[in-house]
Amino acid sequence: MNWNLFVTELVAGIAHGSVYALIALGYSMVYGILKLLNFAHGDIYMVGSFIGFGIITVFGGAESLTVSVWVLLFVMFFCAMLGGGLLGVMIERFAYRRLRNAPRIAPLITALGVSFFLENAAQLVLGAQYQSYDSYGWHNGELWVKGFTLPAGVHVGIAQVIVVVGTIVLVVGLTLFVRNTQLGKAMRATSFDREAAAMMGIDVDRVIVATFFIGSALAGAAGVFNGLAYQQVWPYMGFVAGLYAFIAAVVGGIGNLPGAVLGGLLIGLAQSFSIGYISSQFSDAVVFAILIAVMLVRPSGLLGRAAVSKV
Amino acid sequence: MSTGPTDPNAPRVGVDEWVASHEQRRTRRAGVLGVLERELTRLPHPAFYLAFGIAAAIVPAVTSDGYVIKVGLDTLLYMLLALGLNITVGYAGLLDLGYAAFYGFAAYGYAMLASPKFGLHWDTLAVIPVVVAATVLLGFLVALPSRRLVGDYLAIVTLFFGELFYTVYQNGEHMSLLGFTGSRDVTGGPNGIPNIDQFNIFGARIGELNYKAYFYVALVFFMVLLFAMYLVDRSRTGRAWKSLREDPLAAELMGMPVNRLKLIAFACGAGIAGLAGTVFAAANTAVFATEFDFTSGLLIIVYAMLILGGAGSLGGVILGALVVNVSLEVLRDPGHATWVFYTLIAATLVARMRPWRWLVAVIAGTVGFGFAVHAIVSAVWPRGVHGEAAVGGVLGSGLGHWVVLPSNPMTIGNVAFICLVLAVLVLTLLRGWVQKLAMIPTLYLAVFVWENRLVVEPSVTRLILVGVILIVLMNARPQGLLGTSRVEIV
Amino acid sequence: MQLLELRGISKSFGGLKVISQLDLHVDEGEIVSVIGPNGAGKTTLFNLVTGVYAPDEGDILLGSESLVGLEPHEITARGVARTFQTLRLFLNMTVKENVMAAAYSHTRAGILRSVLRTPGMRREERDIERLAEEKLSFFGQRLIGYRWDQPAFSLSYANRRRLEIARATATSARLLLLDEPAAGMNPVETQEIAELIGRLREEGGYTILVIEHDMHVVEGISDRVVALDHGVKIAEGSFDGVATNPRVVEAYLGTAAAATK
């Protein structure tokens, strides 16, 4: 048994899965509240990634950073999360708000339109070529050289640790927020029954804005994580990652936050192991097969609750 | 029907029929226009379809411009695609986001059976039915696991299926069966499949790149299917599909097998895409997977056509495809595009701004504002006005004195683009004279962004436009131009 | 002769037992009313019979055939049709199209024959159209003539309820399940509905199971009344017998009222 390959793919899967989990959380949160699949969510992740890239450039570029790695990371995360959150709020306000009570096809098509618009606007403004965080070049790659070695001889760099630990921190933070704060409880109430929540005095608009902000901020953070660990950013990266994160959210149970995390990890691992053991072509097919299997056996997702609607 | 004021069931003044026809009396237009409108609404729809067919058939006869005919062919192919998608989305309410995959599957299928790729050169009359049948079967297979899925889930599954298709075909030059068999070149990978056989119908062989012939083939296919769809619309299955779209639970409980109907709608839509795919492959003589990828915009463009025309409406399919594709083609050439851009802005302002003194004020304000800005910039930063307008002639030189055209417009144009988006969004929040006032710098900014960035990158601009069309349409007029008032996805 | 029989039907949603060991039967040609306070499980009962939900235990028989496990459209094809508590018309379709659509289960023309317009298909279309006109004319002048081509959303509330009943009859059902057919109607319209239900049985030969809250209607039309509360049958019999049954009074008005009876 080739442990080296196994552990390498395991590490890659967990890291990738963390990124997917963060994006999936945003999808799940918005779907839980609005029953809307926000196709543009993946593009918010892309914008977050580009914001991080911009910060690197502002601080001198990958090879000649003017600040320490930790300062850089802090500023990147702050800006990406803030920027992502604001973008999400803007999209909700201008594209989706009027369609809250329209037939479901309307916001879905609008989301498609927003997604397409963002991808091509990014291509116009930022160019179609791939950019790179080049985190290997930051202060001589200290984030990759430092790290620890796993039993199977696989080296794990601090960059990857940051991704996983950062995700855990954000997820725990989100869970605490949703469970313990007024706003968090309002969010849960609104996702159960929007009308009833409004009648109980909850400002539904504010809750929805907050949901979009938090979900989009997580996507922005995911964008920086991705750049940190996998380097590449380009305008259409949001579409691909968004698709996988979608599937993760659906597999885990859409509207269900622990499910989104579980789904993200599952999809990330499935992808990694497929690439490592079969081929990268078939990794898509494997993920598709998992999706179909879950849809057939447990349509509400692994951790989801089937909604019973009154006829 | 018994008459007389004592009959309790007869229509009474102020009630029922009188009220119903009162609405009609109020909305009728007077004079010639009124008569025209009444007669037009009385014509059965097939009359319009026939008129379109005749008009389209005349086009290649009156023009020998190969470009125009190619655009016409593309438009007809889009119409076919929109027609098929109309069944899936417009009639059955199933949001199929992988629709482009059926198109590509059929195009590749035709290419594999009628090209030097595998040495197969099947007869046209054999390939087309086989490919269409295979696409229908594929549609069935995709729809089958989706039977029990709520609409959103179907959207995801189909979207992923579409991307899966692209990945497989794009990397298909090293395909092996899970590593067991050797690696074979199945789809040509990024190089696609070239040298596709041309149509050969009953001995009449179409020459390569004879777009005119393919135009007529596509037109015939489209007209036949259009009339077929019209007949289905007025049949048992059409009523069932429409009921399914309206309220699937009620439809099921009124005896209509909803799941089976969904499958059939999906498969029919796929089949039509399949037919279009064969024409596409033969006319273009080569297929590449990148043409069916999400990022190519094919899917989004077809959706935009469908939505603009009005999902569920057959006439809307024609209108939507025409408007969108012609607009996109016009956008390819900077000169034409610029004329259209300014005309559109002018038209929107004229249509939306009443009373007209506002219109005059805003236009005058924008023009004045522009000259002022131009003067200031040329005084302070000469390089800011050394660039050239994209369109030539009088308009171009006029613009050169009005719009700020930096000699190096990239960065400032990009920033201006972002500012423009924000400005437009803010504009939607304002009201009254404040909004009119804010329109002036926004309009000028729009012209600036157009001249400096958008018009010089037409391939991206057209895709941005499609995205904007979808967003604006869904917010302003979700039923499109000719659609029924609500289409719900199931 | 029994047309519909429920034997020992139970249904729970999560932890909530909505229907518990219910036995019910409707004889051919009978009009049976189901009454009970809100939440008693009446609409769930309809949903079970029409196949929207599957019962946890028990059996549902139409004639001698079990309906459990069948898809809803199969159950409708076997002769059971219903209306809905909250109207569920096909609002963007015309009045006539709504009724014609319901004829699907007993017609056969497929897509191919529709496109080719075979003589068989055309004949069937004419039959469907005539069937729709016939079913709509059952309601007097209200849903005929120019009304046929009007979209359903243009109808008044009372006419929409009538259209829903007409649509249900077009499925060529033998058993009609009417869920609160008089809800939201004024006294004149309510009286019309009550007469209509009687005519459906007399002229149409339908067997009818009605959920209704308006006791005047229940009194006027029912051969038999069944009272449910919290998913359990608490009384059955003639209207007078059920209306004065202390358990029924208690369910609607509380124990104090029952005590004063």
# chains A, B, ... in the order shown; residues from 1 in each chain; ligands from 1
call {"tool": "select_by_dssp", "arguments": {"residues": "stretch 117-233 of chain C", "states": "strand (DSSP E or B)", "output": "short mmCIF file (atom, residue, chain, number, x, y, z; two decimals) with C-alpha atoms, in the first residue's frame"}}
result
data_model
loop_
_atom_site.label_atom_id
_atom_site.label_comp_id
_atom_site.auth_asym_id
_atom_site.auth_seq_id
_atom_site.Cartn_x
_atom_site.Cartn_y
_atom_site.Cartn_z
CA PRO C 151 -58.01 32.66 -18.55
CA LEU C 175 -65.85 9.28 -6.40
CA LEU C 176 -65.46 12.99 -5.77
CA LEU C 177 -63.55 14.34 -2.78
CA LEU C 178 -64.59 17.95 -2.20
CA ASP C 179 -62.39 19.81 0.28
CA THR C 207 -70.40 9.33 -4.89
CA ILE C 208 -69.23 12.26 -2.84
CA LEU C 209 -67.10 12.68 0.26
CA VAL C 210 -67.14 16.28 1.48
CA ILE C 211 -65.07 18.12 4.04
CA ARG C 224 -74.15 10.42 6.76
CA VAL C 225 -71.73 12.51 8.80
CA VAL C 226 -68.34 11.44 10.18
CA ALA C 227 -66.70 13.53 12.88
CA LEU C 228 -62.94 13.51 13.40
CA ASP C 229 -60.86 15.02 16.14
CA VAL C 232 -59.60 9.82 15.54
CA LYS C 233 -63.19 9.17 14.53
#
call {"tool": "residues_around", "arguments": {"residues": "C:Ser172", "least_positions_apart": "3", "cutoff": "8 Å", "atoms": "only C-alpha atoms", "output": "ChimeraX atom specification"}}
result
/C:79,103,106,168-169
call {"tool": "closest_atom_pairs", "arguments": {"of": "stretch 184-270 of chain A", "to": "stretch 81-88 of chain A", "cutoff": "8 Å", "atoms": "only C-alpha atoms", "output": "CSV"}}
result
residue,atom,partner,partner_atom,distance
A:Phe212,CA,A:Gly88,CA,5.6
A:Phe213,CA,A:Gly85,CA,4.2
A:Ile214,CA,A:Gly85,CA,6.3
A:Gly215,CA,A:Gly85,CA,7.3
A:Ser216,CA,A:Gly85,CA,4.6
A:Ala217,CA,A:Met81,CA,4.1
A:Leu218,CA,A:Met81,CA,6.5
A:Ala219,CA,A:Gly84,CA,6.9
A:Gly220,CA,A:Met81,CA,4.8
A:Ala221,CA,A:Met81,CA,5.4
call {"tool": "interface_residues", "arguments": {"of": "chain C", "to": "chain A", "cutoff": "10 Å", "atoms": "only C-alpha atoms", "output": "list of chain:residue names"}}
result
C:Phe13, C:Gly14, C:Thr43, C:Thr44, C:Asn47, C:Val52, C:Phe84, C:Gln85, C:Thr86
call {"tool": "write_last_selection", "arguments": {"atoms": "C-alpha atoms", "output": "short mmCIF file (atom, residue, chain, number, x, y, z; two decimals), in the first residue's frame"}}
result
data_model
loop_
_atom_site.label_atom_id
_atom_site.label_comp_id
_atom_site.auth_asym_id
_atom_site.auth_seq_id
_atom_site.Cartn_x
_atom_site.Cartn_y
_atom_site.Cartn_z
CA PHE C 13 -45.49 13.07 10.46
CA GLY C 14 -42.38 12.96 12.53
CA THR C 43 -57.31 17.08 4.48
CA THR C 44 -54.69 14.47 5.37
CA ASN C 47 -54.28 13.20 0.70
CA VAL C 52 -50.23 12.12 -2.05
CA PHE C 84 -58.48 21.53 -2.89
CA GLN C 85 -58.92 23.51 0.27
CA THR C 86 -56.75 26.27 -1.20
#
call {"tool": "interface_residues", "arguments": {"of": "chain C", "to": "chain B", "cutoff": "9 Å", "atoms": "only C-alpha atoms", "output": "PyMOL selection string"}}
result
chain C and resi 50-52+71-77+80-84+88-93+97-98+100-112+114-117+121+125+140-142+146-147+167-168+170-171
call {"tool": "write_last_selection", "arguments": {"atoms": "C-alpha atoms", "output": "CSV table (one decimal), in the first residue's frame"}}
result
chain,number,residue,atom,x,y,z
C,50,THR,CA,-55.6,10.3,-3.4
C,51,GLY,CA,-52.1,8.9,-2.9
C,52,VAL,CA,-50.2,12.1,-2.0
C,71,GLU,CA,-49.2,6.9,-7.9
C,72,PRO,CA,-51.7,9.7,-7.5
C,73,HIS,CA,-52.4,9.8,-11.3
C,74,GLU,CA,-53.1,6.1,-11.3
C,75,ILE,CA,-55.6,6.5,-8.5
C,76,THR,CA,-57.3,9.3,-10.4
C,77,ALA,CA,-57.4,7.1,-13.4
C,80,VAL,CA,-61.1,9.3,-7.6
C,81,ALA,CA,-60.9,13.0,-8.1
C,82,ARG,CA,-60.7,15.9,-5.7
C,83,THR,CA,-60.8,19.6,-5.2
C,84,PHE,CA,-58.5,21.5,-2.9
C,88,ARG,CA,-55.3,24.9,-7.2
C,89,LEU,CA,-56.4,25.9,-10.7
C,90,PHE,CA,-54.2,26.2,-13.8
C,91,LEU,CA,-54.6,29.9,-13.6
C,92,ASN,CA,-52.8,30.9,-16.9
C,93,MET,CA,-54.9,28.4,-18.9
C,97,GLU,CA,-58.4,24.1,-21.1
C,98,ASN,CA,-58.5,23.6,-17.4
C,100,MET,CA,-59.9,19.5,-21.0
C,101,ALA,CA,-56.6,18.9,-19.3
C,102,ALA,CA,-58.2,16.7,-16.7
C,103,ALA,CA,-59.4,14.3,-19.4
C,104,TYR,CA,-55.8,13.1,-19.9
C,105,SER,CA,-56.2,9.8,-18.0
C,106,HIS,CA,-58.9,8.5,-20.2
C,107,THR,CA,-57.6,9.6,-23.5
C,108,ARG,CA,-54.8,8.2,-25.6
C,109,ALA,CA,-53.4,10.4,-28.3
C,110,GLY,CA,-49.7,10.8,-28.0
C,111,ILE,CA,-47.3,13.4,-29.4
C,112,LEU,CA,-46.8,11.7,-32.7
C,114,SER,CA,-51.0,14.9,-32.2
C,115,VAL,CA,-48.5,16.3,-34.7
C,116,LEU,CA,-49.8,14.2,-37.5
C,117,ARG,CA,-53.4,15.1,-36.6
C,121,MET,CA,-56.7,12.1,-32.6
C,125,GLU,CA,-60.0,16.1,-29.4
C,140,GLY,CA,-75.8,26.8,-15.6
C,141,GLN,CA,-74.8,30.0,-17.3
C,142,ARG,CA,-71.9,30.8,-15.1
C,146,TYR,CA,-67.5,33.6,-23.8
C,147,ARG,CA,-66.2,32.3,-20.4
C,167,ARG,CA,-62.3,20.0,-13.7
C,168,ALA,CA,-62.6,17.2,-11.2
C,170,ALA,CA,-63.8,15.7,-16.3
C,171,THR,CA,-61.5,13.0,-15.0
call {"tool": "closest_atom_pairs", "arguments": {"of": "chain B", "to": "chain A", "cutoff": "8 Å", "atoms": "only C-alpha atoms", "output": "tab-separated table"}}
result
residue	atom	partner	partner_atom	distance
B:Leu95	CA	A:Ile105	CA	7.8
B:Pro145	CA	A:Leu296	CA	6.7
B:Arg148	CA	A:Leu296	CA	7.9
B:Leu149	CA	A:Pro299	CA	7.4
B:Asp152	CA	A:Leu37	CA	7.0
B:Tyr153	CA	A:Val250	CA	7.8
B:Ile156	CA	A:Ile247	CA	7.4
B:Val157	CA	A:Leu291	CA	7.8
B:Phe160	CA	A:Leu243	CA	6.9
B:Phe161	CA	A:Phe288	CA	7.5
B:Leu164	CA	A:Asp284	CA	6.2
B:Thr167	CA	A:Gln281	CA	6.8
B:Val168	CA	A:Gln281	CA	6.4
B:Asn171	CA	A:Gln281	CA	7.2
B:Leu178	CA	A:Ile278	CA	6.8
B:Gly179	CA	A:Ile278	CA	7.4
B:Thr295	CA	A:Tyr236	CA	7.6
B:Ile300	CA	A:Leu112	CA	7.7
B:Asn414	CA	A:Val125	CA	5.1
B:Val415	CA	A:Val125	CA	8.0
B:Phe417	CA	A:Val125	CA	7.9
B:Leu425	CA	A:Phe94	CA	7.1
B:Glu457	CA	A:Leu124	CA	7.8
B:Val460	CA	A:Asn120	CA	6.1
B:Thr461	CA	A:Asn120	CA	7.8
B:Leu463	CA	A:Asn120	CA	6.6
B:Ile464	CA	A:Phe117	CA	5.0
B:Leu465	CA	A:Phe117	CA	7.7
B:Val466	CA	A:Gly113	CA	7.4
B:Gly467	CA	A:Gly113	CA	4.2
B:Val468	CA	A:Gly113	CA	6.5
B:Ile469	CA	A:Gly113	CA	7.6
B:Leu470	CA	A:Gly113	CA	5.1
B:Ile471	CA	A:Thr110	CA	4.8
B:Met474	CA	A:Ala106	CA	5.6
B:Asn475	CA	A:Arg98	CA	6.7
B:Pro478	CA	A:Ala106	CA	6.6
B:Arg486	CA	A:Pro103	CA	7.2
B:Val487	CA	A:Pro103	CA	6.9
B:Glu488	CA	A:Pro103	CA	5.1
B:Ile489	CA	A:Ile105	CA	5.6
call {"tool": "closest_residue", "arguments": {"among": "A:Val297, A:Ala260, A:Gly147, A:Ser28", "to": "A:Gln160", "atoms": "only C-alpha atoms"}}
result
A:Gly147
